[in-house]
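K.L.:
Got model16.txt for you, compact mmCIF, C-alpha atoms:
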# COMPACT_ATOMS: atom_id res chain seq x y z
CA MET A 1 102.62 41.23 68.60
CA ASP A 2 99.02 40.21 67.90
CA ASP A 3 98.30 43.38 65.90
CA VAL A 4 101.07 42.57 63.41
CA LYS A 5 100.12 38.88 63.19
CA GLU A 6 96.51 39.76 62.37
CA LYS A 7 97.52 42.24 59.68
CA GLU A 8 100.10 39.78 58.32
CA SER A 9 97.31 37.31 57.57
CA THR A 10 95.23 39.88 55.63
CA GLU A 11 98.03 41.82 53.88
CA GLN A 12 97.92 41.80 50.10
CA PHE A 13 101.09 40.96 48.24
CA GLY A 14 103.05 44.10 47.43
CA PRO A 15 102.20 46.67 50.13
CA GLU A 16 101.93 50.42 49.69
CA ILE A 17 104.61 52.41 51.54
CA VAL A 18 103.82 55.86 52.89
CA PHE A 19 106.15 58.34 54.61
CA GLU A 20 104.34 61.39 56.00
CA ASN A 21 106.50 64.28 57.24
CA VAL A 22 109.11 61.91 58.66
CA THR A 23 112.04 63.37 60.59
CA LYS A 24 114.84 61.34 62.16
CA GLU A 25 117.22 63.14 64.50
CA TYR A 26 119.89 61.28 66.46
CA PRO A 27 120.95 62.09 70.05
CA ASN A 28 124.13 63.79 68.77
CA GLY A 29 121.99 66.34 66.93
CA VAL A 30 122.45 64.94 63.43
CA ARG A 31 119.20 65.17 61.47
CA ALA A 32 119.35 62.25 59.02
CA LEU A 33 115.87 62.87 57.58
CA ASP A 34 114.07 66.20 57.59
CA ASN A 35 110.30 66.21 57.03
CA VAL A 36 110.40 63.56 54.27
CA SER A 37 107.16 62.56 52.53
CA PHE A 38 106.59 60.14 49.65
CA ARG A 39 104.40 57.24 48.58
CA VAL A 40 105.35 53.99 46.85
CA ALA A 41 102.33 52.32 45.26
CA PRO A 42 101.53 48.63 45.87
CA GLY A 43 103.73 46.49 43.63
CA GLU A 44 105.87 49.43 42.47
CA PHE A 45 109.63 49.37 41.80
CA ALA A 46 111.46 52.48 43.04
CA PHE A 47 115.09 53.53 43.36
CA LEU A 48 116.12 55.39 46.51
CA MET A 49 119.04 57.58 45.50
CA GLY A 50 121.50 59.88 47.23
CA HIS A 51 125.17 60.24 48.04
CA SER A 52 126.74 59.00 51.27
CA GLY A 53 125.14 60.88 54.16
CA SER A 54 121.95 61.64 52.24
CA GLY A 55 119.75 59.66 54.64
CA LYS A 56 119.22 56.45 52.64
CA SER A 57 120.51 54.15 55.37
CA SER A 58 118.40 55.84 58.04
CA LEU A 59 115.31 55.53 55.86
CA ILE A 60 115.92 51.80 55.40
CA LYS A 61 116.47 51.32 59.14
CA LEU A 62 113.11 53.00 59.75
CA LEU A 63 111.44 50.63 57.27
CA MET A 64 113.06 47.65 58.99
CA LEU A 65 112.08 48.94 62.46
CA GLU A 66 115.74 49.08 63.46
CA GLU A 67 115.11 52.76 64.24
CA ARG A 68 112.04 54.83 65.10
CA PRO A 69 111.31 58.29 63.65
CA THR A 70 111.61 61.40 65.79
CA SER A 71 108.35 62.60 64.26
CA GLY A 72 106.03 61.76 61.38
CA ARG A 73 104.24 58.61 60.30
CA ILE A 74 105.34 55.53 58.32
CA SER A 75 103.02 52.80 57.08
CA VAL A 76 103.69 49.60 55.17
CA GLY A 77 100.44 48.29 53.74
CA ASN A 78 97.90 48.33 56.53
CA ILE A 79 100.57 48.39 59.26
CA ASP A 80 101.31 51.70 60.98
CA LEU A 81 104.93 51.16 62.02
CA GLY A 82 104.50 53.51 64.96
CA SER A 83 102.00 51.09 66.49
CA VAL A 84 104.26 48.02 66.27
CA ARG A 85 105.50 47.07 69.73
CA SER A 86 108.94 45.55 70.27
CA SER A 87 107.38 42.09 70.58
CA GLY A 88 105.82 42.49 67.14
CA VAL A 89 109.00 43.48 65.29
CA PRO A 90 110.06 39.87 64.39
CA TYR A 91 106.60 39.19 62.95
CA TYR A 92 106.70 42.41 60.92
CA ARG A 93 110.13 41.52 59.50
CA ARG A 94 108.71 38.29 58.07
CA LEU A 95 106.84 40.54 55.62
CA VAL A 96 110.07 42.16 54.43
CA GLY A 97 113.03 40.71 52.51
CA ILE A 98 116.31 42.61 52.56
CA VAL A 99 119.46 42.32 50.43
CA PHE A 100 122.73 43.95 51.53
CA GLN A 101 125.78 45.13 49.60
CA ASP A 102 128.09 42.68 51.40
CA PHE A 103 125.88 39.61 50.76
CA ARG A 104 125.93 38.39 54.41
CA ILE A 105 125.77 34.73 53.47
CA ILE A 106 127.33 32.04 55.68
CA SER A 107 130.56 30.64 54.20
CA SER A 108 130.33 27.29 56.01
CA MET A 109 126.90 26.53 54.51
CA THR A 110 126.02 25.44 50.99
CA VAL A 111 123.90 27.64 48.73
CA PHE A 112 120.84 25.53 49.58
CA GLU A 113 121.53 25.70 53.32
CA ASN A 114 121.97 29.49 53.23
CA VAL A 115 118.59 29.98 51.60
CA ALA A 116 116.89 27.35 53.78
CA PHE A 117 118.16 28.83 57.03
CA ALA A 118 115.43 31.46 57.39
CA LEU A 119 112.68 28.90 56.81
CA GLU A 120 114.20 26.50 59.33
CA MET A 121 114.09 29.27 61.92
CA LEU A 122 110.36 29.56 61.23
CA GLY A 123 109.90 25.84 61.90
CA GLN A 124 108.67 24.85 58.44
CA SER A 125 108.65 21.21 57.38
CA ARG A 126 111.58 19.77 55.45
CA LYS A 127 109.35 19.09 52.45
CA GLU A 128 108.05 22.65 52.34
CA ILE A 129 111.55 24.08 52.86
CA GLU A 130 112.94 22.08 49.93
CA LYS A 131 110.08 23.18 47.67
CA GLN A 132 110.46 26.89 48.49
CA VAL A 133 114.28 26.91 48.39
CA LEU A 134 114.45 25.20 45.00
CA ALA A 135 111.88 27.65 43.63
CA ALA A 136 113.90 30.63 44.93
CA LEU A 137 117.16 29.28 43.50
CA ASP A 138 115.47 28.66 40.16
CA LEU A 139 114.25 32.26 40.17
CA VAL A 140 117.80 33.61 40.51
CA GLY A 141 119.37 31.04 38.16
CA LEU A 142 121.37 29.07 40.73
CA LEU A 143 119.51 25.77 40.86
CA GLU A 144 122.51 23.83 39.55
CA LYS A 145 124.81 25.33 42.20
CA ARG A 146 122.65 24.52 45.23
CA ASN A 147 125.30 22.21 46.73
CA GLU A 148 128.23 24.62 46.24
CA LYS A 149 129.84 26.63 49.04
CA PRO A 150 129.88 30.46 48.70
CA ASP A 151 133.66 30.62 48.18
CA CYS A 152 133.18 28.68 44.92
CA LEU A 153 130.87 31.38 43.56
CA SER A 154 131.52 34.71 41.88
CA GLY A 155 130.46 37.96 43.55
CA GLY A 156 127.42 38.19 41.31
CA GLU A 157 126.42 34.62 42.18
CA GLN A 158 126.83 35.29 45.90
CA GLN A 159 124.51 38.28 45.60
CA ARG A 160 121.98 36.08 43.82
CA VAL A 161 122.13 33.68 46.79
CA ALA A 162 121.39 36.64 49.05
CA ILE A 163 118.40 37.59 46.89
CA ALA A 164 117.07 34.02 46.94
CA ARG A 165 117.36 34.01 50.73
CA ALA A 166 115.51 37.34 50.93
CA VAL A 167 112.56 36.18 48.82
CA VAL A 168 112.28 32.50 49.82
CA ASN A 169 109.52 33.35 52.30
CA LEU A 170 107.63 35.31 49.60
CA PRO A 171 107.75 38.73 51.33
CA GLY A 172 105.49 41.45 49.98
CA LEU A 173 108.26 44.05 50.29
CA LEU A 174 111.85 43.61 49.10
CA ILE A 175 114.48 46.18 50.09
CA ALA A 176 117.90 46.05 48.41
CA ASP A 177 120.54 48.24 50.07
CA GLU A 178 123.31 49.03 47.54
CA PRO A 179 123.01 45.50 46.08
CA THR A 180 125.44 46.23 43.21
CA GLY A 181 128.04 48.19 45.19
CA ASN A 182 130.62 45.38 45.00
CA LEU A 183 129.84 44.26 41.44
CA ASP A 184 130.91 45.19 37.92
CA MET A 185 128.46 46.66 35.43
CA GLU A 186 127.55 43.36 33.77
CA ASN A 187 126.72 41.66 37.07
CA SER A 188 124.97 44.79 38.33
CA VAL A 189 122.58 44.80 35.37
CA GLU A 190 121.90 41.09 35.88
CA ILE A 191 121.06 41.65 39.55
CA MET A 192 118.71 44.50 38.63
CA LYS A 193 116.94 42.30 36.08
CA ILE A 194 116.33 39.69 38.79
CA LEU A 195 114.92 42.38 41.09
CA GLN A 196 112.65 43.53 38.26
CA LYS A 197 111.49 39.94 37.77
CA ILE A 198 110.59 39.73 41.47
CA ASN A 199 108.73 43.03 41.12
CA LYS A 200 106.74 41.71 38.16
CA MET A 201 105.68 38.77 40.34
CA GLY A 202 103.91 41.29 42.58
CA ALA A 203 106.38 42.44 45.23
CA THR A 204 106.98 46.09 46.07
CA VAL A 205 110.72 46.68 45.51
CA ILE A 206 112.90 49.51 46.84
CA VAL A 207 116.54 49.65 45.74
CA ALA A 208 118.89 52.07 47.53
CA THR A 209 121.81 53.08 45.33
CA HIS A 210 124.08 55.95 44.36
CA GLU A 211 124.94 54.46 40.95
CA ARG A 212 123.23 56.69 38.39
CA GLU A 213 124.48 54.62 35.45
CA ILE A 214 122.56 51.59 36.73
CA VAL A 215 119.45 53.67 37.38
CA ALA A 216 119.57 55.08 33.85
CA GLU A 217 120.01 51.57 32.43
CA ILE A 218 117.00 50.16 34.29
CA GLY A 219 114.73 53.20 33.95
CA GLN A 220 112.48 52.97 37.02
CA ARG A 221 111.05 55.65 39.31
CA VAL A 222 113.57 57.57 41.46
CA ILE A 223 113.10 58.96 44.97
CA GLU A 224 116.13 61.14 45.70
CA LEU A 225 117.45 62.38 49.03
CA ASN A 226 120.00 65.14 49.63
CA HIS A 227 121.21 65.68 53.20
CA GLY A 228 118.02 64.17 54.58
CA VAL A 229 115.66 66.20 52.39
CA ARG A 230 113.69 64.68 49.55
CA LEU A 231 114.34 66.31 46.17
CA LEU A 232 111.31 66.99 44.01
CA GLY A 233 110.99 66.77 40.24
CA ASN A 234 112.96 63.53 39.81
CA GLU A 235 110.15 61.01 39.38
Have the structure of the file written as structure tokens, please.
P.N.:
Amino acid sequence: MDDVKEKESTEQFGPEIVFENVTKEYPNGVRALDNVSFRVAPGEFAFLMGHSGSGKSSLIKLLMLEERPTSGRISVGNIDLGSVRSSGVPYYRRLVGIVFQDFRIISSMTVFENVAFALEMLGQSRKEIEKQVLAALDLVGLLEKRNEKPDCLSGGEQQRVAIARAVVNLPGLLIADEPTGNLDMENSVEIMKILQKINKMGATVIVATHEREIVAEIGQRVIELNHGVRLLGNE
């Protein structure tokens, strides 16, 4: 735990991500990732692409420390993920914001309460929580809807709530896992523009997607996986 807390205090905003010869094989023999290597520069925006079963979800789970690699090395900034003990995982995850396809916001809470929840769990003061939540909602264009419940919002607005919640603690790394999978093209482009805005503020951003039309529209670097193997020549 202490090793992560010390590195958390010295980490620059927007960490470098390095995968070195990473393999992930599950007990049933399925090899989700096979000797994958790549580097994402500090403050870079990158798409992680591949069809279902390509290994994208396993890669994200490794970054979130939900899984451990069978072999190879992963680092996020100055943190070697292989050295993070179980007790240090919650502290590491404070450095990472994540956005899911299915939003995962709490229907009984208002927009403000959904975004504030993570900060309340960290024991921050009410004054500081209000300041950070309002800033996050302003960033995603939902300041005027802070007192609404999620069922009063469109799908695109609900995803913007999820993004605000992911960035309210100012994480250096933002991971978006199929964030536009449930949205139409117009809302998808809007979500990507918000993610680009967050990237321009200094965060390293990784967006997992299989939607090539969106990737072509946004025009950022692509890291592509095919059956657990990284494809070359697509960056």
K.L.:
Which is closer to Leu195 of chain A than all the others in A:Ala135, A:Val99, A:Leu142, A:Val111, using only C-alpha atoms?
P.N.:
A:Val99
K.L.:
Restricting the calculation to all atoms listed in the file, which member of A:Arg93, A:Lys197, A:Lys131, A:His210 is positioned closest to Glu178 of chain A?
P.N.:
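Counting all atoms listed in the file, the residue closest to Glu178 of chain A is A:His210.
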K.L.:
Could you pull the residues within 12 Å of Lys193 of chain A, counting all atoms listed in the file, minus those fewer than 4 positions along the same chain, as an MDAnalysis selection string?
P.N.:
chainID A and resid 45 139:141 160 163 180 186:189 197:200 214:215 217:220
K.L.:
First collect every listed atom of segment 141-151 of chain A; then fit an axis-aligned box around them, widen it by 5 Å on each side, and give centre and edge lengths in Å to one decimal, as JSON.
P.N.:
{"center_x": 126.5, "center_y": 26.6, "center_z": 43.6, "size_x": 24.3, "size_y": 18.8, "size_z": 20.9}
K.L.:
Using all atoms listed in the file, which protein or nucleic acid residues come within 9 Å of Gln101 of chain A? Drop anything in the same chain fewer than 4 positions from it, and give the result as a PyMOL selection string.
P.N.:
chain A and resi 159+176-182
K.L.:
Counting only C-alpha atoms, figure out which residue out of A:Gln132, A:Asn226, A:Ser71, A:Thr204 gets nearest to Leu95 of chain A.
P.N.:
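Selected residue with least distance to Leu95 of chain A: A:Thr204.
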K.L.:
Determine, counting all atoms listed in the file, which protein, DNA and RNA residues have an atom within 10 Å of an atom of Pro171 of chain A; residues of the same chain fewer than 5 positions away are not included. Present the result as a list in words.
P.N.:
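With the cut-off at 10 Å, the set is Phe13, Gly14, Pro15, Arg93, Arg94, Leu95, Val96, Gly97, Ile98, Ala166, Gly202, Ala203 and Thr204 of chain A.
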K.L.:
Would you list the residues near (111.6, 60.1, 65.7) (no more than 7 Å away, in the coordinates of the file, using only C-alpha atoms) as a CSV table (one decimal) with C-alpha atoms, in the coordinates of the input?
P.N.:
chain,number,residue,atom,x,y,z
A,23,THR,CA,112.0,63.4,60.6
A,24,LYS,CA,114.8,61.3,62.2
A,25,GLU,CA,117.2,63.1,64.5
A,68,ARG,CA,112.0,54.8,65.1
A,69,PRO,CA,111.3,58.3,63.6
A,70,THR,CA,111.6,61.4,65.8
A,71,SER,CA,108.4,62.6,64.3
K.L.:
Report as a tab-separated table the residues of segment 70-176 of chain A within 12 Å of segment 37-41 of chain A, each with its shortest atom pair and distance in Å (one decimal), using all atoms listed in the file, ordered by chain and increasing residue number.
P.N.:
residue	atom	partner	partner_atom	distance
A:Ser71	CA	A:Ser37	CA	11.8
A:Gly72	CA	A:Ser37	CA	9.0
A:Arg73	CA	A:Ser37	CA	9.2
A:Ile74	CA	A:Ser37	CA	9.3
A:Ser75	CA	A:Arg39	CA	9.7
A:Val76	CA	A:Val40	CA	9.6
A:Gly77	CA	A:Ala41	CA	9.6
A:Leu173	CA	A:Val40	CA	10.9
K.L.:
Quick one: everything within 8 Å of Leu119 of chain A, counting all atoms listed in the file, minus sequence neighbours fewer than 5 positions away in the same chain. Send it as a PyMOL selection string.
P.N.:
chain A and resi 124+129+168-169
K.L.:
Just checking: using only C-alpha atoms, which residue out of A:Ile223, A:Val229, A:Ala46, A:Leu65 ends up closest to Met192 of chain A?
P.N.:
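Going through A:Ile223, A:Val229, A:Ala46, A:Leu65 one by one, the smallest distance to Met192 of chain A is for A:Ala46.
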K.L.:
What does the structure give for the distance between atom CA of Phe47 of chain A and atom CA of Val205 of chain A, in Å to one decimal?
P.N.:
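Those two atoms sit 8.4 Å apart.
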K.L.:
Would you mind telling me which residue in A:Met185, A:Leu81, A:Val115, A:Leu33 lies nearest to Ala164 of chain A when using all atoms listed in the file?
P.N.:
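For Ala164 of chain A, the nearest of the given residues is A:Val115.
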K.L.:
Would you save segment 182-200 of chain A from the block above with N, CA and C atoms, as an mmCIF file, in the first residue's frame?
P.N.:
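The resulting file, part_8.cif, is shown below:
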data_model
loop_
_atom_site.group_PDB
_atom_site.id
_atom_site.type_symbol
_atom_site.label_atom_id
_atom_site.label_comp_id
_atom_site.auth_asym_id
_atom_site.auth_seq_id
_atom_site.Cartn_x
_atom_site.Cartn_y
_atom_site.Cartn_z
ATOM 1 N N ASN A 182 -23.804 2.335 -26.820
ATOM 2 C CA ASN A 182 -25.270 2.431 -26.719
ATOM 3 C C ASN A 182 -25.817 3.751 -27.264
ATOM 4 N N LEU A 183 -24.988 4.483 -28.030
ATOM 5 C CA LEU A 183 -25.373 5.820 -28.471
ATOM 6 C C LEU A 183 -25.423 5.921 -29.995
ATOM 7 N N ASP A 184 -26.207 6.897 -30.482
ATOM 8 C CA ASP A 184 -26.224 7.154 -31.920
ATOM 9 C C ASP A 184 -24.984 7.954 -32.312
ATOM 10 N N MET A 185 -24.818 8.175 -33.611
ATOM 11 C CA MET A 185 -23.603 8.793 -34.114
ATOM 12 C C MET A 185 -23.410 10.210 -33.570
ATOM 13 N N GLU A 186 -24.480 10.982 -33.521
ATOM 14 C CA GLU A 186 -24.378 12.366 -33.047
ATOM 15 C C GLU A 186 -23.891 12.420 -31.601
ATOM 16 N N ASN A 187 -24.504 11.603 -30.746
ATOM 17 C CA ASN A 187 -24.091 11.578 -29.345
ATOM 18 C C ASN A 187 -22.699 10.977 -29.180
ATOM 19 N N SER A 188 -22.367 10.019 -30.024
ATOM 20 C CA SER A 188 -21.047 9.396 -29.962
ATOM 21 C C SER A 188 -19.952 10.409 -30.235
ATOM 22 N N VAL A 189 -20.145 11.227 -31.260
ATOM 23 C CA VAL A 189 -19.158 12.257 -31.595
ATOM 24 C C VAL A 189 -19.033 13.262 -30.456
ATOM 25 N N GLU A 190 -20.153 13.612 -29.838
ATOM 26 C CA GLU A 190 -20.137 14.565 -28.727
ATOM 27 C C GLU A 190 -19.347 13.999 -27.546
ATOM 28 N N ILE A 191 -19.554 12.718 -27.253
ATOM 29 C CA ILE A 191 -18.818 12.076 -26.163
ATOM 30 C C ILE A 191 -17.322 12.082 -26.468
ATOM 31 N N MET A 192 -16.959 11.771 -27.701
ATOM 32 C CA MET A 192 -15.544 11.750 -28.071
ATOM 33 C C MET A 192 -14.914 13.138 -27.970
ATOM 34 N N LYS A 193 -15.665 14.161 -28.292
ATOM 35 C CA LYS A 193 -15.150 15.530 -28.170
ATOM 36 C C LYS A 193 -14.878 15.879 -26.706
ATOM 37 N N ILE A 194 -15.739 15.404 -25.808
ATOM 38 C CA ILE A 194 -15.516 15.637 -24.379
ATOM 39 C C ILE A 194 -14.251 14.908 -23.925
ATOM 40 N N LEU A 195 -14.074 13.668 -24.388
ATOM 41 C CA LEU A 195 -12.871 12.914 -24.029
ATOM 42 C C LEU A 195 -11.617 13.595 -24.569
ATOM 43 N N GLN A 196 -11.706 14.174 -25.766
ATOM 44 C CA GLN A 196 -10.578 14.914 -26.310
ATOM 45 C C GLN A 196 -10.280 16.158 -25.475
ATOM 46 N N LYS A 197 -11.331 16.809 -24.991
ATOM 47 C CA LYS A 197 -11.154 17.988 -24.142
ATOM 48 C C LYS A 197 -10.413 17.608 -22.859
ATOM 49 N N ILE A 198 -10.799 16.484 -22.271
ATOM 50 C CA ILE A 198 -10.127 16.000 -21.058
ATOM 51 C C ILE A 198 -8.661 15.693 -21.356
ATOM 52 N N ASN A 199 -8.413 15.112 -22.525
ATOM 53 C CA ASN A 199 -7.045 14.820 -22.944
ATOM 54 C C ASN A 199 -6.224 16.100 -23.087
ATOM 55 N N LYS A 200 -6.817 17.122 -23.656
ATOM 56 C CA LYS A 200 -6.105 18.390 -23.840
ATOM 57 C C LYS A 200 -5.798 19.073 -22.509
#
